[in-house]
Each structure stands twice: as C-alpha cells, then as structure tokens.
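coords-v4.cif (mmCIF, C-alpha atoms)
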data_final
#
loop_
_atom_site.group_PDB
_atom_site.id
_atom_site.type_symbol
_atom_site.label_atom_id
_atom_site.label_comp_id
_atom_site.auth_asym_id
_atom_site.auth_seq_id
_atom_site.Cartn_x
_atom_site.Cartn_y
_atom_site.Cartn_z
ATOM 1 C CA MET I 108 0.000 0.000 0.000
ATOM 2 C CA ALA I 109 1.545 3.277 -1.060
ATOM 3 C CA MET I 110 1.141 6.166 1.330
ATOM 4 C CA GLU I 111 1.509 9.354 -0.684
ATOM 5 C CA THR I 112 0.343 11.963 1.792
ATOM 6 C CA PHE I 113 0.071 11.766 5.536
ATOM 7 C CA PRO I 114 -3.602 11.431 6.544
ATOM 8 C CA VAL I 115 -5.092 14.412 8.352
ATOM 9 C CA LEU I 116 -7.885 13.507 10.777
ATOM 10 C CA VAL I 117 -10.493 15.927 12.122
ATOM 11 C CA THR I 118 -12.936 15.712 15.044
ATOM 12 C CA ASP I 119 -15.318 18.268 16.536
ATOM 13 C CA ARG I 120 -12.540 19.966 18.510
ATOM 14 C CA LEU I 121 -9.310 18.500 17.143
ATOM 15 C CA TYR I 122 -7.088 18.555 14.107
ATOM 16 C CA LEU I 123 -4.661 15.617 13.903
ATOM 17 C CA ARG I 124 -1.755 16.211 11.545
ATOM 18 C CA GLN I 125 1.752 15.074 10.755
ATOM 19 C CA LEU I 126 4.452 16.174 13.166
ATOM 20 C CA THR I 127 7.211 18.504 11.966
ATOM 21 C CA LEU I 128 10.454 19.598 13.598
ATOM 22 C CA ALA I 129 8.755 22.944 14.250
ATOM 23 C CA ASP I 130 6.672 21.070 16.878
ATOM 24 C CA ALA I 131 9.726 20.162 18.968
ATOM 25 C CA GLU I 132 9.254 22.952 21.518
ATOM 26 C CA ASP I 133 5.624 21.977 22.209
ATOM 27 C CA ILE I 134 6.522 18.299 22.570
ATOM 28 C CA PHE I 135 9.492 19.131 24.787
ATOM 29 C CA THR I 136 7.272 21.266 27.019
ATOM 30 C CA TYR I 137 5.035 18.390 28.039
ATOM 31 C CA PHE I 138 7.527 15.501 27.685
ATOM 32 C CA SER I 139 9.748 17.301 30.204
ATOM 33 C CA ARG I 140 7.033 16.824 32.843
ATOM 34 C CA ASP I 141 7.267 13.712 35.029
ATOM 35 C CA GLU I 142 3.495 13.238 35.167
ATOM 36 C CA VAL I 143 3.523 12.725 31.376
ATOM 37 C CA THR I 144 6.428 10.257 31.295
ATOM 38 C CA LYS I 145 5.419 8.396 34.472
ATOM 39 C CA TYR I 146 3.845 5.564 32.451
ATOM 40 C CA TYR I 147 5.897 6.127 29.303
ATOM 41 C CA ASP I 148 8.955 4.164 28.241
ATOM 42 C CA LEU I 149 10.954 7.402 28.062
ATOM 43 C CA GLU I 150 12.649 9.447 30.746
ATOM 44 C CA SER I 151 11.420 13.024 31.059
ATOM 45 C CA PHE I 152 13.054 15.193 28.411
ATOM 46 C CA THR I 153 15.740 17.601 29.546
ATOM 47 C CA GLU I 154 16.527 19.234 26.191
ATOM 48 C CA VAL I 155 14.646 20.148 23.018
ATOM 49 C CA GLU I 156 16.925 17.881 20.962
ATOM 50 C CA GLN I 157 15.190 14.878 22.555
ATOM 51 C CA ALA I 158 11.864 16.105 21.179
ATOM 52 C CA GLU I 159 13.452 16.557 17.755
ATOM 53 C CA LYS I 160 14.770 12.971 17.900
ATOM 54 C CA PHE I 161 11.273 11.748 18.876
ATOM 55 C CA ILE I 162 9.742 13.593 15.906
ATOM 56 C CA ARG I 163 12.378 12.282 13.493
ATOM 57 C CA SER I 164 11.732 8.719 14.655
ATOM 58 C CA MET I 165 7.982 9.161 14.059
ATOM 59 C CA LEU I 166 8.577 10.582 10.566
ATOM 60 C CA THR I 167 10.941 7.707 9.728
ATOM 61 C CA ARG I 168 8.416 5.158 10.973
ATOM 62 C CA TYR I 169 5.839 6.638 8.601
ATOM 63 C CA GLU I 170 8.272 6.765 5.657
ATOM 64 C CA LYS I 171 9.089 3.069 6.195
ATOM 65 C CA GLN I 172 5.344 2.265 6.399
ATOM 66 C CA GLU I 173 5.795 0.971 9.949
ATOM 67 C CA GLY I 174 3.208 3.203 11.580
ATOM 68 C CA PHE I 175 1.680 6.653 11.993
ATOM 69 C CA ARG I 176 1.962 9.305 14.708
ATOM 70 C CA TRP I 177 -0.352 12.280 14.579
ATOM 71 C CA GLY I 178 0.229 15.550 16.334
ATOM 72 C CA ILE I 179 -2.921 16.491 18.245
ATOM 73 C CA THR I 180 -3.913 20.152 17.986
ATOM 74 C CA LEU I 181 -6.989 22.113 18.926
ATOM 75 C CA LYS I 182 -8.801 23.263 15.776
ATOM 76 C CA GLU I 183 -8.484 26.914 16.748
ATOM 77 C CA VAL I 184 -4.695 26.590 17.270
ATOM 78 C CA PRO I 185 -3.513 24.071 14.625
ATOM 79 C CA GLU I 186 0.124 25.078 14.959
ATOM 80 C CA ARG I 187 0.364 24.061 18.646
ATOM 81 C CA ILE I 188 0.786 20.383 19.522
ATOM 82 C CA VAL I 189 -0.958 19.350 22.762
ATOM 83 C CA GLY I 190 -0.252 15.624 22.424
ATOM 84 C CA THR I 191 0.338 12.804 19.981
ATOM 85 C CA ILE I 192 -1.440 9.575 19.113
ATOM 86 C CA GLY I 193 -0.629 6.876 16.669
ATOM 87 C CA PHE I 194 0.241 3.380 15.658
ATOM 88 C CA HIS I 195 3.553 1.584 16.036
ATOM 89 C CA ASN I 196 4.851 -1.972 16.288
ATOM 90 C CA TRP I 197 2.962 -2.849 13.103
ATOM 91 C CA GLN I 198 3.044 -6.635 12.734
ATOM 92 C CA LYS I 199 1.742 -6.839 9.169
ATOM 93 C CA GLU I 200 2.141 -10.609 8.954
ATOM 94 C CA HIS I 201 -0.238 -10.897 11.930
ATOM 95 C CA SER I 202 -2.505 -7.981 10.861
ATOM 96 C CA ARG I 203 -2.084 -6.181 14.164
ATOM 97 C CA ILE I 204 -0.865 -2.778 15.212
ATOM 98 C CA GLU I 205 -0.261 -1.131 18.585
ATOM 99 C CA ILE I 206 -1.716 2.234 19.583
ATOM 100 C CA GLY I 207 0.004 4.754 21.837
ATOM 101 C CA TYR I 208 -0.754 8.297 22.923
ATOM 102 C CA GLU I 209 -0.007 11.085 25.358
ATOM 103 C CA LEU I 210 -1.473 14.480 26.133
ATOM 104 C CA ALA I 211 -0.196 17.589 27.889
ATOM 105 C CA PRO I 212 -1.572 17.534 31.474
ATOM 106 C CA GLU I 213 -3.478 20.803 31.119
ATOM 107 C CA TYR I 214 -5.716 19.007 28.595
ATOM 108 C CA TRP I 215 -6.371 15.894 30.676
ATOM 109 C CA ARG I 216 -9.947 14.938 31.618
ATOM 110 C CA GLN I 217 -11.603 17.040 28.906
ATOM 111 C CA GLY I 218 -12.515 14.183 26.563
ATOM 112 C CA LEU I 219 -9.937 15.227 23.972
ATOM 113 C CA MET I 220 -8.135 11.877 23.878
ATOM 114 C CA THR I 221 -11.491 10.093 23.634
ATOM 115 C CA GLU I 222 -12.163 12.122 20.474
ATOM 116 C CA ALA I 223 -8.685 11.469 19.119
ATOM 117 C CA ILE I 224 -8.654 7.725 19.783
ATOM 118 C CA LYS I 225 -12.054 7.283 18.124
ATOM 119 C CA VAL I 226 -10.966 8.840 14.826
ATOM 120 C CA VAL I 227 -7.567 7.089 14.900
ATOM 121 C CA VAL I 228 -9.109 3.659 15.566
ATOM 122 C CA ASP I 229 -11.582 4.328 12.755
ATOM 123 C CA TYR I 230 -8.665 5.130 10.448
ATOM 124 C CA GLY I 231 -6.776 2.026 11.593
ATOM 125 C CA PHE I 232 -9.614 -0.309 10.763
ATOM 126 C CA GLN I 233 -9.887 1.244 7.284
ATOM 127 C CA LEU I 234 -6.419 -0.150 6.554
ATOM 128 C CA PRO I 235 -6.947 -3.543 4.918
ATOM 129 C CA GLN I 236 -4.003 -5.116 6.749
ATOM 130 C CA VAL I 237 -5.231 -4.237 10.266
ATOM 131 C CA HIS I 238 -7.423 -6.833 11.959
ATOM 132 C CA ARG I 239 -6.442 -6.021 15.553
ATOM 133 C CA ILE I 240 -5.452 -2.858 17.400
ATOM 134 C CA GLU I 241 -3.796 -3.401 20.759
ATOM 135 C CA ALA I 242 -2.559 -1.288 23.625
ATOM 136 C CA PHE I 243 -0.183 -2.064 26.472
ATOM 137 C CA ILE I 244 -0.476 0.087 29.587
ATOM 138 C CA ASP I 245 0.957 0.218 33.075
ATOM 139 C CA PRO I 246 -1.438 -1.501 35.506
ATOM 140 C CA ASP I 247 -1.519 1.694 37.621
ATOM 141 C CA ASN I 248 -2.471 3.955 34.696
ATOM 142 C CA GLU I 249 -6.136 4.339 35.603
ATOM 143 C CA GLY I 250 -6.793 7.156 33.112
ATOM 144 C CA SER I 251 -5.545 5.077 30.195
ATOM 145 C CA ARG I 252 -7.524 2.037 31.361
ATOM 146 C CA ARG I 253 -10.757 4.073 31.437
ATOM 147 C CA LEU I 254 -9.999 5.623 28.034
ATOM 148 C CA LEU I 255 -9.418 2.258 26.376
ATOM 149 C CA LEU I 256 -12.512 0.613 27.865
ATOM 150 C CA LYS I 257 -14.681 3.619 26.936
ATOM 151 C CA SER I 258 -13.238 3.478 23.406
ATOM 152 C CA GLY I 259 -14.246 -0.135 22.751
ATOM 153 C CA PHE I 260 -11.104 -2.004 23.768
ATOM 154 C CA THR I 261 -11.282 -5.189 25.852
ATOM 155 C CA LYS I 262 -8.882 -5.921 28.704
ATOM 156 C CA GLU I 263 -7.257 -9.202 27.766
ATOM 157 C CA GLY I 264 -4.659 -9.857 30.407
ATOM 158 C CA HIS I 265 -1.991 -8.813 32.862
ATOM 159 C CA LEU I 266 1.563 -9.534 31.734
ATOM 160 C CA ARG I 267 4.134 -9.773 34.525
ATOM 161 C CA ASP I 268 7.555 -8.129 34.040
ATOM 162 C CA TYR I 269 6.694 -7.681 30.368
ATOM 163 C CA PHE I 270 8.731 -4.569 29.542
ATOM 164 C CA TYR I 271 12.144 -3.408 30.713
ATOM 165 C CA GLU I 272 11.804 0.344 31.192
ATOM 166 C CA LYS I 273 13.865 2.904 33.047
ATOM 167 C CA GLY I 274 16.156 0.247 34.493
ATOM 168 C CA GLN I 275 13.534 -2.179 35.773
ATOM 169 C CA PHE I 276 11.044 -4.794 34.654
ATOM 170 C CA VAL I 277 7.453 -3.580 34.678
ATOM 171 C CA ASP I 278 4.098 -5.260 34.262
ATOM 172 C CA ALA I 279 1.744 -4.440 31.417
ATOM 173 C CA VAL I 280 -1.982 -4.825 30.913
ATOM 174 C CA VAL I 281 -2.916 -5.664 27.331
ATOM 175 C CA PHE I 282 -6.092 -4.398 25.676
ATOM 176 C CA GLY I 283 -7.340 -5.420 22.253
ATOM 177 C CA PHE I 284 -9.915 -4.224 19.744
ATOM 178 C CA LEU I 285 -10.828 -6.484 16.818
ATOM 179 C CA ARG I 286 -12.123 -5.359 13.454
ATOM 180 C CA LYS I 287 -15.310 -7.441 13.881
ATOM 181 C CA GLU I 288 -16.020 -5.706 17.218
ATOM 182 C CA PHE I 289 -15.471 -2.320 15.615
ATOM 183 C CA SER I 290 -17.758 -3.199 12.698
ATOM 184 C CA ALA I 291 -20.463 -4.307 15.140
ATOM 185 C CA GLU I 292 -20.319 -0.896 16.873
ATOM 186 C CA GLN I 293 -20.857 1.041 13.644
#

Would you mind writing the structure in this file as structure tokens?
Amino acid sequence: MAMETFPVLVTDRLYLRQLTLADAEDIFTYFSRDEVTKYYDLESFTEVEQAEKFIRSMLTRYEKQEGFRWGITLKEVPERIVGTIGFHNWQKEHSRIEIGYELAPEYWRQGLMTEAIKVVVDYGFQLPQVHRIEAFIDPDNEGSRRLLLKSGFTKEGHLRDYFYEKGQFVDAVVFGFLRKEFSAEQ
C-alpha cells in the first residue's frame, strides 16, 4: 500500500496532523514533565533535541510504512501540539498494530483523547491489513484504562515483568480491539 500523503484527521474539537520539527518545543514542554512520562517508556526530556529525535523517529516510521503518529492540535490553534497519538509496532504478517498516545496535562480529563482515539481507531480499521489494534499500559495507569474501555477495547490480560523500562522490569496490561467488534459498533 503506497502512502503518498500523511492522513489528516479531524474531530469536533481536534485537528490531527503530521508532526514537523517545528513542533519540537511543544513536545518538549510536556515531555519534560514527570506526570507525562510516568507511564511512558521514556525518561522526562531535559533538552529540546530529545523532542526533535522523537519527531524524526515518528517521521521515519511513517516513511518506512511501519506506523503513523499524529500531532494532536486544537482546531483553533492548529500550529500548537498538545499531544500525539498513533500506531507503532505494526506486525503486518499478523494484521495487528499497537496504539500509543499522550497528552499535555493541562488538557487531561476534557474528553480530547477520547475524540482522538475514536478517529484514529476508525482510520486504523480502514487499513486492509489491520485486523487487531492493541494497547499495552501500566497496571496503575487508571486514566488510560478508562480511556481504552470507553473506546471499545477489551482488557485481555496482565503480563508480569513484560517490559524493561527505566532500568527495571514492569508489568503491562494488554487491551485489544478487533475489526469485527469495531464493525459491530458502527
């Protein structure tokens, strides 16, 4: 499948677009906050160059057709990134892809990520080679658990010492959403 132009997604309040290096300052601003990286497999950023590296890795992933990462903006301020959401770990031979996301804390609990995840999941299931969308979260990440359940995902299991992050093994809870479940909701 050739991907000529990066897909832009729109919701009532949000505009999801491709990241650019010009977004590095916005991404650095929230990725430098410990409450954002608490459940993330990255240490809090200490310099803007880390945000630039993050953006470059997302652009490369798209160029190699390994995934997508949208910058989340409010419609009225499309130049300012308030979070990102996207797909990675695309296992094409198994027709599954993993979703990940984060949002600047000042935008938490406003339903913005619920809007974003809905349109991104919809896009994911339009891809012919995606049968399953999965998410792995920290068992203590209550906000993410609620978001996934509200968005149609099913909790499938608790994986002990599944990831090695920040110098230690950590558990993960896996959630899945199947194409047939998504189709049934439509």

Nearest residue to Val184 of chain I from the set I:Val115, I:Leu121, I:Leu266, I:Leu256 (distances using all atoms listed in the file): I:Leu121

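The nearest approach to Gly207 of chain I among the residues I:Gln236, I:Thr118, I:Thr167, I:Ser251, with all atoms listed in the file taken into account, belongs to I:Ser251.
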
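Residues matched by the PyMOL selection byres ((chain I and resi 151) around 10) in this structure: Phe135, Tyr137, Phe138, Ser139, Arg140, Asp141, Glu142, Val143, Thr144, Lys145, Tyr147, Asp148, Leu149, Glu150, Phe152, Thr153, Glu154 and Gln157 of chain I.
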
Surrounding residues of Lys199 of chain I excluding itself and chain neighbours under 6 positions, 10 Å, all atoms listed in the file, as a list in words: Glu173, Gln236, Val237 and His238 of chain I

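Applied to this file, the PyMOL selection byres ((chain I and resi 282) around 7) selects Glu241, Ala242, Phe243, Phe260, Thr261, Lys262, Glu263, Val280, Val281 and Gly283 of chain I.
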
Selection dump of the PyMOL selection byres ((chain I and resi 132) around 10), as a ChimeraX atom specification: /I:128-131,133-138,154-156,158-159,187-188

Which of I:Pro235, I:Tyr146, I:Ile206, I:Thr191 sits closest to Gly174 of chain I [using only C-alpha atoms]: I:Ile206

Distance of atom CA of Lys273 of chain I from atom CA of Arg176 of chain I, expressed in Å to one decimal place: 22.8 Å

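Considering the residues I:Gly218, I:Gly274, I:Pro246, I:Gly259 and counting only C-alpha atoms, Arg286 of chain I has its shortest atom-to-atom contact with I:Gly259.
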
Contact residues around segment 193-195 of chain I with only C-alpha atoms at 12 Å, ignoring same-chain residues under 4 positions, as number ranges by chain: I: 114, 116, 123-126, 164-169, 171-179, 199, 203-209, 220, 223-232, 234, 237, 239-243
